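One file, target_2.csv, is given below (CSV, C-alpha atoms and all ligand atoms).
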chain,number,residue,atom,x,y,z
E,21,MET,CA,0.0,0.0,0.0
E,22,SER,CA,2.7,2.5,0.9
E,23,GLN,CA,5.9,3.3,-0.8
E,24,SER,CA,8.9,1.0,-0.3
E,25,HIS,CA,12.0,3.1,0.0
E,26,CYS,CA,14.0,2.2,-3.0
E,27,PRO,CA,16.1,5.2,-4.1
E,28,LYS,CA,17.7,3.3,-7.0
E,29,GLY,CA,17.9,3.7,-10.7
E,30,PRO,CA,14.7,3.2,-12.8
E,31,MET,CA,15.7,-0.3,-14.1
E,32,THR,CA,16.5,-1.6,-10.6
E,33,THR,CA,13.4,0.1,-9.3
E,34,ALA,CA,11.1,-1.5,-11.9
E,35,ILE,CA,12.5,-4.9,-11.1
E,36,HIS,CA,12.8,-4.8,-7.3
E,37,ALA,CA,10.4,-2.1,-5.9
E,38,GLY,CA,7.6,-3.7,-4.0
E,39,GLU,CA,9.1,-7.1,-4.0
E,40,ALA,CA,11.3,-9.1,-1.7
E,41,PRO,CA,12.2,-12.8,-1.4
E,42,ASP,CA,9.3,-14.6,0.1
E,43,PRO,CA,10.0,-14.9,3.8
E,44,ALA,CA,8.2,-18.3,4.1
E,45,THR,CA,10.0,-20.1,1.2
E,46,LYS,CA,12.9,-17.8,0.2
E,47,ALA,CA,11.4,-17.9,-3.3
E,48,SER,CA,13.2,-15.2,-5.4
E,49,ALA,CA,10.1,-14.5,-7.6
E,50,PRO,CA,7.1,-13.1,-5.9
E,51,PRO,CA,4.4,-15.6,-4.9
E,52,LEU,CA,0.8,-15.3,-6.3
E,53,HIS,CA,-1.6,-15.1,-3.4
E,54,MET,CA,-5.1,-15.9,-4.6
E,55,SER,CA,-6.6,-16.2,-1.1
E,56,SER,CA,-9.8,-14.1,-0.8
E,57,THR,CA,-9.6,-14.2,3.0
E,58,PHE,CA,-7.0,-14.3,5.7
E,59,VAL,CA,-7.0,-16.0,9.1
E,60,VAL,CA,-7.4,-13.4,11.9
E,61,GLU,CA,-5.3,-13.8,15.0
E,62,GLU,CA,-6.5,-10.8,17.1
E,63,ALA,CA,-9.8,-9.0,17.2
E,64,ALA,CA,-9.8,-5.9,14.9
E,65,GLY,CA,-12.5,-3.6,13.4
E,66,PHE,CA,-13.3,-4.2,9.8
E,67,SER,CA,-15.0,-0.9,8.7
E,68,ALA,CA,-13.5,0.8,5.7
E,69,HIS,CA,-13.3,3.9,7.8
E,70,ASP,CA,-10.7,2.9,10.3
E,71,ILE,CA,-8.2,0.5,8.7
E,72,PRO,CA,-4.7,1.4,10.0
E,73,GLU,CA,-2.0,1.2,7.4
E,74,ASP,CA,-0.3,-1.7,9.2
E,75,ALA,CA,-3.5,-3.7,9.6
E,76,PRO,CA,-3.2,-7.4,9.1
E,77,TRP,CA,-4.6,-8.9,5.9
E,78,LEU,CA,-8.4,-9.4,6.3
E,79,TYR,CA,-10.2,-9.8,3.0
E,80,ALA,CA,-9.1,-9.4,-0.5
E,81,ARG,CA,-11.4,-6.4,-1.3
E,82,TRP,CA,-9.5,-4.5,1.5
E,83,GLY,CA,-6.1,-5.6,0.2
E,84,ASN,CA,-4.1,-8.6,-1.0
E,85,PRO,CA,-0.3,-9.2,-0.7
E,86,THR,CA,0.2,-9.7,-4.5
E,87,VAL,CA,-1.9,-6.6,-5.4
E,88,ASP,CA,0.0,-4.7,-2.6
E,89,MET,CA,3.3,-5.7,-4.2
E,90,LEU,CA,2.2,-4.1,-7.5
E,91,GLU,CA,0.9,-1.1,-5.8
E,92,ARG,CA,4.2,-0.5,-4.1
E,93,LYS,CA,6.1,-1.0,-7.4
E,94,ILE,CA,3.9,1.6,-9.2
E,95,ALA,CA,4.1,4.1,-6.3
E,96,THR,CA,7.9,3.8,-6.4
E,97,LEU,CA,8.0,4.2,-10.2
E,98,GLU,CA,5.8,7.3,-9.9
E,99,GLY,CA,7.9,8.7,-7.0
E,100,VAL,CA,4.9,9.0,-4.7
E,101,GLU,CA,3.8,7.5,-1.3
E,102,ALA,CA,1.1,5.2,-2.3
E,103,CYS,CA,-1.0,3.6,-5.0
E,104,LEU,CA,-4.4,1.9,-5.4
E,105,CYS,CA,-4.8,-0.7,-8.1
E,106,THR,CA,-8.2,-1.3,-9.6
E,107,ALA,CA,-10.0,-3.7,-11.9
E,108,SER,CA,-9.4,-1.6,-15.0
E,109,GLY,CA,-8.3,1.9,-16.1
E,110,MET,CA,-11.9,2.9,-16.2
E,111,ALA,CA,-12.3,1.7,-12.5
E,112,ALA,CA,-9.2,3.9,-11.7
E,113,ALA,CA,-10.9,7.0,-13.3
E,114,SER,CA,-14.1,6.2,-11.5
E,115,ALA,CA,-12.2,5.8,-8.2
E,116,ILE,CA,-10.9,9.4,-8.6
E,117,PHE,CA,-14.3,10.9,-9.7
E,118,PHE,CA,-16.5,9.1,-7.2
E,119,THR,CA,-14.1,9.5,-4.2
E,120,PHE,CA,-13.4,13.2,-4.6
E,121,LEU,CA,-16.6,14.6,-6.1
E,122,SER,CA,-20.1,15.0,-4.6
E,123,ALA,CA,-23.4,16.5,-5.8
E,124,GLY,CA,-22.9,20.3,-6.2
E,125,ASP,CA,-19.2,20.1,-7.0
E,126,HIS,CA,-17.7,21.2,-10.3
E,127,VAL,CA,-15.0,19.2,-12.2
E,128,LEU,CA,-13.0,20.4,-15.1
E,129,VAL,CA,-11.9,17.8,-17.6
E,130,SER,CA,-10.0,17.7,-20.9
E,131,ASP,CA,-12.4,18.1,-23.8
E,132,VAL,CA,-10.6,15.2,-25.6
E,133,SER,CA,-9.8,12.1,-23.6
E,134,TYR,CA,-10.0,8.4,-23.5
E,135,ALA,CA,-13.6,7.8,-24.9
E,136,GLY,CA,-14.8,5.9,-21.8
E,137,VAL,CA,-13.8,8.8,-19.6
E,138,ALA,CA,-15.3,11.3,-22.0
E,139,GLU,CA,-18.7,9.5,-21.8
E,140,LEU,CA,-18.6,9.0,-18.0
E,141,VAL,CA,-17.9,12.8,-17.6
E,142,ARG,CA,-20.7,13.9,-20.0
E,143,ASP,CA,-23.4,11.4,-19.1
E,144,THR,CA,-22.9,9.9,-15.6
E,145,LEU,CA,-21.5,12.8,-13.6
E,146,PRO,CA,-24.3,15.3,-14.4
E,147,ARG,CA,-26.9,12.6,-13.6
E,148,LEU,CA,-25.4,12.5,-10.1
E,149,GLY,CA,-25.5,16.3,-9.7
E,150,ILE,CA,-21.8,16.9,-10.4
E,151,GLU,CA,-21.3,19.7,-12.9
E,152,ALA,CA,-18.6,18.9,-15.5
E,153,THR,CA,-17.0,21.4,-17.9
E,154,VAL,CA,-14.8,20.2,-20.7
E,155,VAL,CA,-12.0,22.4,-22.0
E,156,ASN,CA,-9.0,22.2,-24.3
E,157,MET,CA,-6.3,21.7,-21.6
E,158,SER,CA,-3.5,22.9,-23.9
E,159,ASP,CA,-5.1,26.4,-23.7
E,160,LEU,CA,-4.2,27.8,-20.3
E,161,THR,CA,-6.4,30.9,-20.7
E,162,ALA,CA,-9.4,28.6,-21.3
E,163,VAL,CA,-8.5,26.5,-18.3
E,164,ALA,CA,-8.2,29.6,-16.0
E,165,ALA,CA,-11.5,30.9,-17.3
E,166,ALA,CA,-13.3,27.6,-16.7
E,167,LEU,CA,-12.3,27.3,-13.1
E,168,ARG,CA,-15.0,28.1,-10.5
E,169,PRO,CA,-15.1,28.5,-6.7
E,170,ASN,CA,-16.7,25.0,-6.4
E,171,THR,CA,-14.2,23.3,-8.8
E,172,ARG,CA,-12.9,20.4,-6.7
E,173,LEU,CA,-11.0,18.5,-9.4
E,174,VAL,CA,-9.1,19.2,-12.6
E,175,HIS,CA,-8.6,16.1,-14.7
E,176,ALA,CA,-6.2,16.1,-17.6
E,177,GLU,CA,-4.8,13.5,-20.0
E,178,THR,CA,-1.4,13.9,-21.6
E,179,PRO,CA,-0.5,13.0,-24.3
E,180,VAL,CA,-4.2,12.8,-25.0
E,181,ASN,CA,-6.0,9.9,-26.7
E,182,PRO,CA,-6.3,9.8,-29.7
E,183,ILE,CA,-4.7,13.0,-31.0
E,184,GLY,CA,-1.5,13.2,-29.0
E,185,ARG,CA,-2.0,16.8,-27.8
E,186,LEU,CA,-0.2,17.7,-24.6
E,187,THR,CA,-1.1,19.4,-21.3
E,188,ASP,CA,1.4,21.6,-19.5
E,189,LEU,CA,1.1,19.7,-16.2
E,190,ALA,CA,2.9,22.3,-14.0
E,191,ALA,CA,0.9,25.2,-15.3
E,192,VAL,CA,-2.5,23.4,-15.0
E,193,ALA,CA,-1.7,22.0,-11.5
E,194,ASN,CA,-0.9,25.6,-10.4
E,195,LEU,CA,-4.2,26.9,-11.7
E,196,ALA,CA,-6.1,24.0,-10.0
E,197,HIS,CA,-4.4,24.6,-6.7
E,198,GLU,CA,-5.1,28.3,-6.8
E,199,VAL,CA,-8.8,27.5,-6.5
E,200,GLY,CA,-8.2,24.7,-4.0
E,201,ALA,CA,-8.9,21.9,-6.5
E,202,LEU,CA,-7.1,18.6,-6.8
E,203,MET,CA,-5.3,17.9,-10.0
E,204,SER,CA,-5.3,14.4,-11.5
E,205,VAL,CA,-3.9,13.2,-14.8
E,206,ASP,CA,-4.4,10.1,-17.0
E,207,SER,CA,-0.7,9.4,-17.7
E,208,THR,CA,-1.4,6.1,-19.6
E,209,PHE,CA,0.2,7.2,-22.9
E,210,ALA,CA,3.3,8.6,-21.2
E,211,SER,CA,4.1,5.8,-18.6
E,212,PRO,CA,6.2,6.7,-15.6
E,213,MET,CA,9.3,6.4,-17.8
E,214,ALA,CA,8.3,9.5,-19.8
E,215,THR,CA,6.7,11.6,-17.1
E,216,ARG,CA,6.3,11.5,-13.3
E,217,PRO,CA,3.4,13.9,-13.0
E,218,ALA,CA,3.9,14.3,-9.2
E,219,GLU,CA,7.2,16.1,-10.0
E,220,PHE,CA,5.0,18.8,-11.8
E,221,GLY,CA,2.7,19.2,-8.8
E,222,VAL,CA,0.0,16.8,-9.9
E,223,ASP,CA,-1.9,15.2,-6.9
E,224,LEU,CA,-3.2,12.0,-8.5
E,225,VAL,CA,-1.7,10.0,-11.4
E,226,MET,CA,-3.9,7.4,-13.1
E,227,HIS,CA,-3.0,4.6,-15.5
E,228,SER,CA,-4.7,2.0,-17.5
E,229,ILE,CA,-2.1,-0.6,-16.5
E,230,THR,CA,-3.6,-2.8,-19.2
E,231,LYS,CA,-1.3,-0.7,-21.5
E,232,TYR,CA,2.4,0.1,-21.0
E,233,ILE,CA,2.8,-0.9,-17.4
E,234,GLY,CA,1.5,-4.4,-18.0
E,235,GLY,CA,2.8,-4.2,-21.5
E,236,HIS,CA,1.8,-7.7,-22.9
E,237,GLY,CA,-1.9,-7.4,-23.7
E,238,ASP,CA,-2.9,-10.2,-21.4
E,239,ALA,CA,-4.3,-8.5,-18.3
E,240,VAL,CA,-6.7,-5.6,-17.7
E,241,GLY,CA,-6.1,-3.3,-14.7
E,242,GLY,CA,-5.9,0.3,-13.5
E,243,ALA,CA,-4.0,2.3,-10.9
E,244,VAL,CA,-4.1,5.7,-9.1
E,245,ALA,CA,-1.0,6.9,-7.4
E,246,GLY,CA,-0.6,9.8,-5.0
E,247,SER,CA,-0.2,10.7,-1.3
E,248,ARG,CA,-0.9,8.2,1.4
E,249,GLU,CA,-3.9,10.3,2.5
E,250,LEU,CA,-5.6,10.6,-0.9
E,251,VAL,CA,-5.0,6.9,-1.7
E,252,ALA,CA,-6.4,5.8,1.7
E,253,LYS,CA,-9.6,7.7,0.9
E,254,MET,CA,-9.9,6.0,-2.5
E,255,ARG,CA,-9.2,2.6,-1.0
E,256,GLY,CA,-12.1,3.1,1.5
E,257,GLU,CA,-14.5,4.3,-1.2
E,258,ALA,CA,-13.6,2.7,-4.5
E,259,SER,CA,-12.1,-0.6,-3.4
E,260,ILE,CA,-14.0,-1.5,-0.2
E,261,HIS,CA,-17.3,0.1,-1.1
E,262,HIS,CA,-17.6,0.2,-4.9
E,263,GLY,CA,-15.6,-3.0,-5.1
E,264,GLY,CA,-13.7,-2.7,-8.4
E,265,ILE,CA,-10.6,-4.5,-7.2
E,266,LEU,CA,-7.7,-5.8,-9.3
E,267,SER,CA,-7.5,-9.6,-9.4
E,268,PRO,CA,-4.3,-10.9,-7.7
E,269,PHE,CA,-3.5,-13.0,-10.9
E,270,ASN,CA,-3.7,-9.8,-13.0
E,271,ALA,CA,-1.6,-8.0,-10.5
E,272,TRP,CA,1.0,-10.8,-10.7
E,273,LEU,CA,1.1,-10.7,-14.5
E,274,ILE,CA,1.2,-6.9,-14.6
E,275,ALA,CA,4.1,-6.8,-12.0
E,276,ARG,CA,6.0,-9.2,-14.2
E,277,GLY,CA,5.4,-6.9,-17.2
E,278,ALA,CA,6.3,-3.8,-15.2
E,279,ALA,CA,9.8,-5.2,-14.4
E,280,THR,CA,10.8,-4.5,-18.0
E,281,LEU,CA,9.0,-1.2,-18.4
E,282,PRO,CA,12.2,0.9,-18.7
E,283,LEU,CA,13.7,-1.3,-21.4
E,284,ARG,CA,10.4,-1.6,-23.2
E,285,MET,CA,9.8,2.1,-23.2
E,286,ARG,CA,13.2,2.7,-24.8
E,287,ALA,CA,12.4,0.2,-27.5
E,288,HIS,CA,8.8,1.6,-28.0
E,289,GLU,CA,10.3,5.1,-28.4
E,290,ALA,CA,13.0,4.0,-30.9
E,291,GLY,CA,10.5,2.0,-33.0
E,292,ALA,CA,8.0,4.8,-32.9
E,293,MET,CA,10.6,7.4,-34.0
E,294,ALA,CA,11.6,5.3,-37.0
E,295,VAL,CA,8.0,4.7,-38.0
E,296,ALA,CA,7.0,8.3,-37.4
E,297,GLU,CA,9.8,9.6,-39.6
E,298,TRP,CA,9.0,7.1,-42.4
E,299,LEU,CA,5.3,8.1,-42.2
E,300,GLU,CA,6.2,11.8,-42.3
E,301,ALA,CA,8.3,11.3,-45.4
E,302,ASN,CA,5.5,9.3,-47.1
E,303,PRO,CA,3.5,11.3,-49.7
E,304,ARG,CA,0.4,9.1,-49.0
E,305,VAL,CA,0.3,10.4,-45.4
E,306,ALA,CA,-1.2,13.8,-44.9
E,307,ARG,CA,-0.2,14.5,-41.3
E,308,VAL,CA,1.8,12.7,-38.5
E,309,ILE,CA,1.5,13.5,-34.8
E,310,TYR,CA,4.2,12.2,-32.6
E,311,PRO,CA,5.7,14.2,-29.6
E,312,GLY,CA,9.2,13.2,-30.7
E,313,LEU,CA,8.9,14.8,-34.1
E,314,THR,CA,9.9,18.5,-34.3
E,315,SER,CA,6.7,19.0,-36.3
E,316,HIS,CA,4.6,18.2,-33.2
E,317,PRO,CA,3.0,21.6,-32.3
E,318,GLN,CA,4.1,21.2,-28.7
E,319,HIS,CA,7.5,19.5,-29.3
E,320,ASP,CA,9.2,22.0,-26.9
E,321,LEU,CA,6.7,21.1,-24.1
E,322,ALA,CA,7.2,17.4,-24.9
E,323,ARG,CA,11.0,17.8,-24.5
E,324,SER,CA,10.6,19.5,-21.2
E,325,GLN,CA,7.9,17.2,-19.8
E,326,MET,CA,8.6,13.8,-21.3
E,327,LYS,CA,11.9,11.9,-20.8
E,328,ASN,CA,10.7,9.3,-23.4
E,329,PHE,CA,8.3,10.1,-26.3
E,330,SER,CA,6.5,6.8,-25.9
E,331,GLY,CA,5.2,4.7,-28.7
E,332,MET,CA,1.9,6.3,-29.7
E,333,ILE,CA,1.6,7.8,-33.2
E,334,SER,CA,-1.5,9.4,-34.8
E,335,PHE,CA,-1.6,9.9,-38.6
E,336,GLN,CA,-4.0,11.1,-41.2
E,337,VAL,CA,-4.3,9.8,-44.8
E,338,GLY,CA,-6.8,12.3,-46.2
E,339,ASP,CA,-10.6,12.5,-46.1
E,340,THR,CA,-13.1,10.0,-44.6
E,341,ALA,CA,-13.3,7.9,-47.8
E,342,LYS,CA,-9.5,7.6,-47.9
E,343,GLY,CA,-9.3,6.7,-44.2
E,344,GLU,CA,-12.0,4.0,-44.6
E,345,ALA,CA,-10.3,2.5,-47.6
E,346,VAL,CA,-6.9,2.3,-45.8
E,347,ALA,CA,-8.7,0.8,-42.7
E,348,GLU,CA,-10.3,-1.9,-45.0
E,349,ARG,CA,-6.9,-2.7,-46.5
E,350,MET,CA,-5.4,-2.9,-43.0
E,351,MET,CA,-8.0,-5.4,-41.9
E,352,GLU,CA,-7.2,-7.5,-45.0
E,353,ARG,CA,-3.5,-7.2,-45.6
E,354,LEU,CA,-1.5,-6.4,-42.4
E,355,GLU,CA,0.8,-9.2,-41.6
E,356,VAL,CA,2.5,-8.0,-38.4
E,357,ILE,CA,0.4,-5.1,-36.9
E,358,HIS,CA,-2.9,-6.1,-35.5
E,359,TYR,CA,-6.0,-4.0,-36.4
E,360,ALA,CA,-7.3,-3.8,-32.9
E,361,VAL,CA,-8.1,-1.3,-30.1
E,362,SER,CA,-5.9,-0.9,-27.1
E,363,LEU,CA,-2.2,0.1,-26.9
E,364,GLY,CA,1.1,-0.2,-25.1
E,365,HIS,CA,1.6,-3.9,-25.8
E,366,HIS,CA,4.6,-5.6,-27.3
E,367,ARG,CA,2.4,-6.3,-30.3
E,368,SER,CA,1.8,-3.3,-32.6
E,369,LEU,CA,-1.8,-2.2,-32.8
E,370,VAL,CA,-3.6,0.2,-35.2
E,371,PHE,CA,-7.1,1.5,-35.3
E,372,TRP,CA,-9.1,4.0,-37.5
E,373,MET,CA,-10.8,6.8,-35.5
E,374,PRO,CA,-13.2,8.8,-37.7
E,375,THR,CA,-13.8,12.3,-36.4
E,376,GLU,CA,-17.5,12.4,-37.1
E,377,GLY,CA,-18.2,9.1,-35.3
E,378,LEU,CA,-16.1,10.1,-32.3
E,379,MET,CA,-17.8,13.4,-32.0
E,380,GLU,CA,-21.3,11.8,-32.0
E,381,SER,CA,-20.4,9.0,-29.5
E,382,SER,CA,-17.9,10.6,-27.2
E,383,PHE,CA,-16.5,14.1,-27.5
E,384,ARG,CA,-19.6,16.1,-28.9
E,385,LEU,CA,-17.4,19.1,-29.6
E,386,GLU,CA,-18.7,22.1,-31.6
E,387,GLY,CA,-17.4,25.4,-32.9
E,388,ALA,CA,-13.8,26.4,-31.9
E,389,ALA,CA,-13.3,23.2,-29.9
E,390,LEU,CA,-14.2,21.1,-32.9
E,391,GLU,CA,-11.9,23.2,-35.1
E,392,ASP,CA,-9.1,22.6,-32.5
E,393,TYR,CA,-9.7,18.9,-32.7
E,394,ARG,CA,-9.8,18.9,-36.5
E,395,ALA,CA,-6.5,20.8,-36.6
E,396,TYR,CA,-5.0,17.5,-35.3
E,397,ALA,CA,-7.3,14.9,-36.6
E,398,GLY,CA,-8.9,16.2,-39.8
E,399,ASP,CA,-11.7,13.8,-40.9
E,400,GLY,CA,-10.1,11.1,-38.9
E,401,ILE,CA,-6.8,9.6,-37.7
E,402,PHE,CA,-5.2,6.2,-37.4
E,403,ARG,CA,-3.9,5.6,-33.9
E,404,LEU,CA,-0.8,3.4,-34.1
E,405,SER,CA,0.7,1.8,-31.0
E,406,VAL,CA,4.2,0.9,-32.0
E,407,GLY,CA,5.1,-2.4,-30.4
E,408,LEU,CA,8.4,-4.0,-29.9
E,409,GLU,CA,8.8,-5.7,-33.3
E,410,ASP,CA,11.5,-4.6,-35.8
E,411,ALA,CA,10.7,-1.2,-37.2
E,412,GLU,CA,11.5,-2.4,-40.7
E,413,ASP,CA,8.8,-5.0,-40.5
E,414,LEU,CA,6.3,-2.5,-39.2
E,415,ILE,CA,7.2,-0.1,-42.0
E,416,ALA,CA,6.9,-2.9,-44.6
E,417,ASP,CA,3.5,-3.7,-43.2
E,418,LEU,CA,2.3,0.0,-43.4
E,419,ASP,CA,3.7,0.3,-46.9
E,420,ARG,CA,1.5,-2.6,-48.0
E,421,VAL,CA,-1.7,-0.8,-47.0
E,422,LEU,CA,-1.2,3.0,-47.4
K,1,LIG,C1,-7.3,2.2,-22.1
K,1,LIG,C2,-7.3,3.6,-21.5
K,1,LIG,C3,-8.2,3.8,-20.4
K,1,LIG,C4,-9.1,2.8,-19.9
K,1,LIG,O1,-8.4,1.7,-19.4
K,1,LIG,P1,-9.1,0.2,-19.3
K,1,LIG,O2,-8.0,-0.6,-18.6
K,1,LIG,O3,-9.4,-0.3,-20.7
K,1,LIG,O4,-10.3,0.3,-18.5
K,1,LIG,C5,-8.1,5.1,-19.8
K,1,LIG,N1,-7.3,6.0,-20.3
K,1,LIG,C6,-6.5,5.8,-21.4
K,1,LIG,C7,-5.6,6.9,-21.8
K,1,LIG,C8,-6.5,4.6,-22.0
K,1,LIG,O5,-5.7,4.4,-23.0

Once you've parsed the file, please lay out its structure as structure tokens.
Amino acid sequence: MSQSHCPKGPMTTAIHAGEAPDPATKASAPPLHMSSTFVVEEAAGFSAHDIPEDAPWLYARWGNPTVDMLERKIATLEGVEACLCTASGMAAASAIFFTFLSAGDHVLVSDVSYAGVAELVRDTLPRLGIEATVVNMSDLTAVAAALRPNTRLVHAETPVNPIGRLTDLAAVANLAHEVGALMSVDSTFASPMATRPAEFGVDLVMHSITKYIGGHGDAVGGAVAGSRELVAKMRGEASIHHGGILSPFNAWLIARGAATLPLRMRAHEAGAMAVAEWLEANPRVARVIYPGLTSHPQHDLARSQMKNFSGMISFQVGDTAKGEAVAERMMERLEVIHYAVSLGHHRSLVFWMPTEGLMESSFRLEGAALEDYRAYAGDGIFRLSVGLEDAEDLIADLDRVL
């Protein structure tokens, strides 16, 4: 639950943080504890409201040793005190919203975000009496103007799905704190190898650990990392009462993936850079968005806020008809890259995201906000998650379908 003190390099941290040889068996690899309940040796309360941090294991919805190991690993990677793991990335977002917001509160959220978060914010929060405003978080004037005295939370996402626009975390965290709001960020695209948002003043960092942190496309999970106090509040609400806990088996798989996160992120970045440069030089490609390219409109911010440009590329091929035709060819002809949603896996994944469809289902932007989105995405973009295959094979695959 809380941070293990591990002031070591990132590769050592990713492998060892949260783990120790099993005291019972001396096993070097962490054990997988599937037990849902634990034998109690002395009387203790079992309300979510008064669990001390050193409480013995009681029931897996309160905490489980294998999940706890992953929580300590992620907290250490993010450089914060504590972490709560959840059943999915969406459960992590819900843990933030439903722990820290009540009826009558106002929340400010990026106008472009992971689609599930966009729909939760637009449909579910208002139904519960929580006012949500969406704003382009790369526009600091707009962020400042949208804050209100009852704003309790500012939730950003950087780089943002699916268009790769960035948020200046330090600047937005400052604005949020000026009105007494918490600042949270969905840092799934960046991973802790690119950005440790707490260093920029962000209070809560969430991840879909289904993506880079797990890294192998075989386990769904989520995480929120932050101070001991904020994480304890979320554990009481979101885990113990709402119940969306991470399975120990998924925690074990994701921890095994996380051990190689620093190495994988370096390879994702190198592969993505090669593919992005090839795409940018290709006359059949209209626009490429990758934070590592000097053509990214916020390349300077990317350089100052990201130590690794990650593996997520967005690119346009022209109008809707052209995009649909390329998507069709991808489904038929790709040999290496999978035409599938999700991202951050060792396998490369690509998916067509038409602007009109996304506006209807998720983002519902109009006027200037829609124009801002179209400046990145046009009629639609392909979201490419560059995996760990050889870049030449990915380029050959793309060359077959563009
Ligand atoms: C995938 C994703 C989510 C949701 O995560 P799940 O694990 O699928 O629930 C949230 N935010 C971002 C940026 C994502 O990519």

Select the residues contacting ligand LIG 1 (chain K) at a distance of at most 7 Å, based on only C-alpha atoms and all ligand atoms, then format the selection as a list in words.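 Based on only C-alpha atoms and all ligand atoms, ligand LIG 1 (chain K) is surrounded within 7 Å by Ser108, Gly109, Met110, Ala111, Ser133, Tyr134, Gly136, Val137, Glu177, Val180, Asn181, Asp206, Ser207, Thr208, Phe209, His227, Ser228, Ile229, Thr230, Lys231, Val240, Gly241, Gly242, Ser362 and Leu363 of chain E.
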
Nearest to Gly364 (chain E), chosen from E:Leu266, E:Ile233, E:Leu104, E:Ala112, with all atoms listed in the file counted in the distances: E:Ile233

Determine, for each residue of region 63-99 of chain E having at least one atom at most 10 Å from an atom of region 33-55 of chain E, the closest pair of atoms and their separation in Å to one decimal, counting all atoms listed in the file; order by chain and ascending number, as JSON lines.
{"residue": "E:Tyr79", "atom": "CA", "partner": "E:Ser55", "partner_atom": "CA", "distance": 8.4}
{"residue": "E:Ala80", "atom": "CA", "partner": "E:Ser55", "partner_atom": "CA", "distance": 7.3}
{"residue": "E:Asn84", "atom": "CA", "partner": "E:His53", "partner_atom": "CA", "distance": 7.4}
{"residue": "E:Pro85", "atom": "CA", "partner": "E:His53", "partner_atom": "CA", "distance": 6.6}
{"residue": "E:Thr86", "atom": "CA", "partner": "E:His53", "partner_atom": "CA", "distance": 5.8}
{"residue": "E:Val87", "atom": "CA", "partner": "E:His53", "partner_atom": "CA", "distance": 8.7}
{"residue": "E:Asp88", "atom": "CA", "partner": "E:Gly38", "partner_atom": "CA", "distance": 7.8}
{"residue": "E:Met89", "atom": "CA", "partner": "E:Gly38", "partner_atom": "CA", "distance": 4.7}
{"residue": "E:Leu90", "atom": "CA", "partner": "E:Gly38", "partner_atom": "CA", "distance": 6.4}
{"residue": "E:Glu91", "atom": "CA", "partner": "E:Gly38", "partner_atom": "CA", "distance": 7.4}
{"residue": "E:Arg92", "atom": "CA", "partner": "E:Gly38", "partner_atom": "CA", "distance": 4.7}
{"residue": "E:Lys93", "atom": "CA", "partner": "E:Gly38", "partner_atom": "CA", "distance": 4.6}
{"residue": "E:Ile94", "atom": "CA", "partner": "E:Ala37", "partner_atom": "CA", "distance": 8.2}
{"residue": "E:Ala95", "atom": "CA", "partner": "E:Ala37", "partner_atom": "CA", "distance": 8.8}
{"residue": "E:Thr96", "atom": "CA", "partner": "E:Ala37", "partner_atom": "CA", "distance": 6.4}
{"residue": "E:Leu97", "atom": "CA", "partner": "E:Ala34", "partner_atom": "CA", "distance": 6.7}

Would you please work out which residue, of E:Ser382, E:Ser267, E:Asn302, E:Gln325, is nearest to Pro182 (chain E) when using only C-alpha atoms?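 Smallest separation from Pro182 (chain E) among the options: E:Ser382.
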
Just the number, please: distance in Å from CA of Met254 (chain E) to CA of Pro27 (chain E), one decimal.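 CA of Met254 (chain E) sits 26.1 Å away from CA of Pro27 (chain E).
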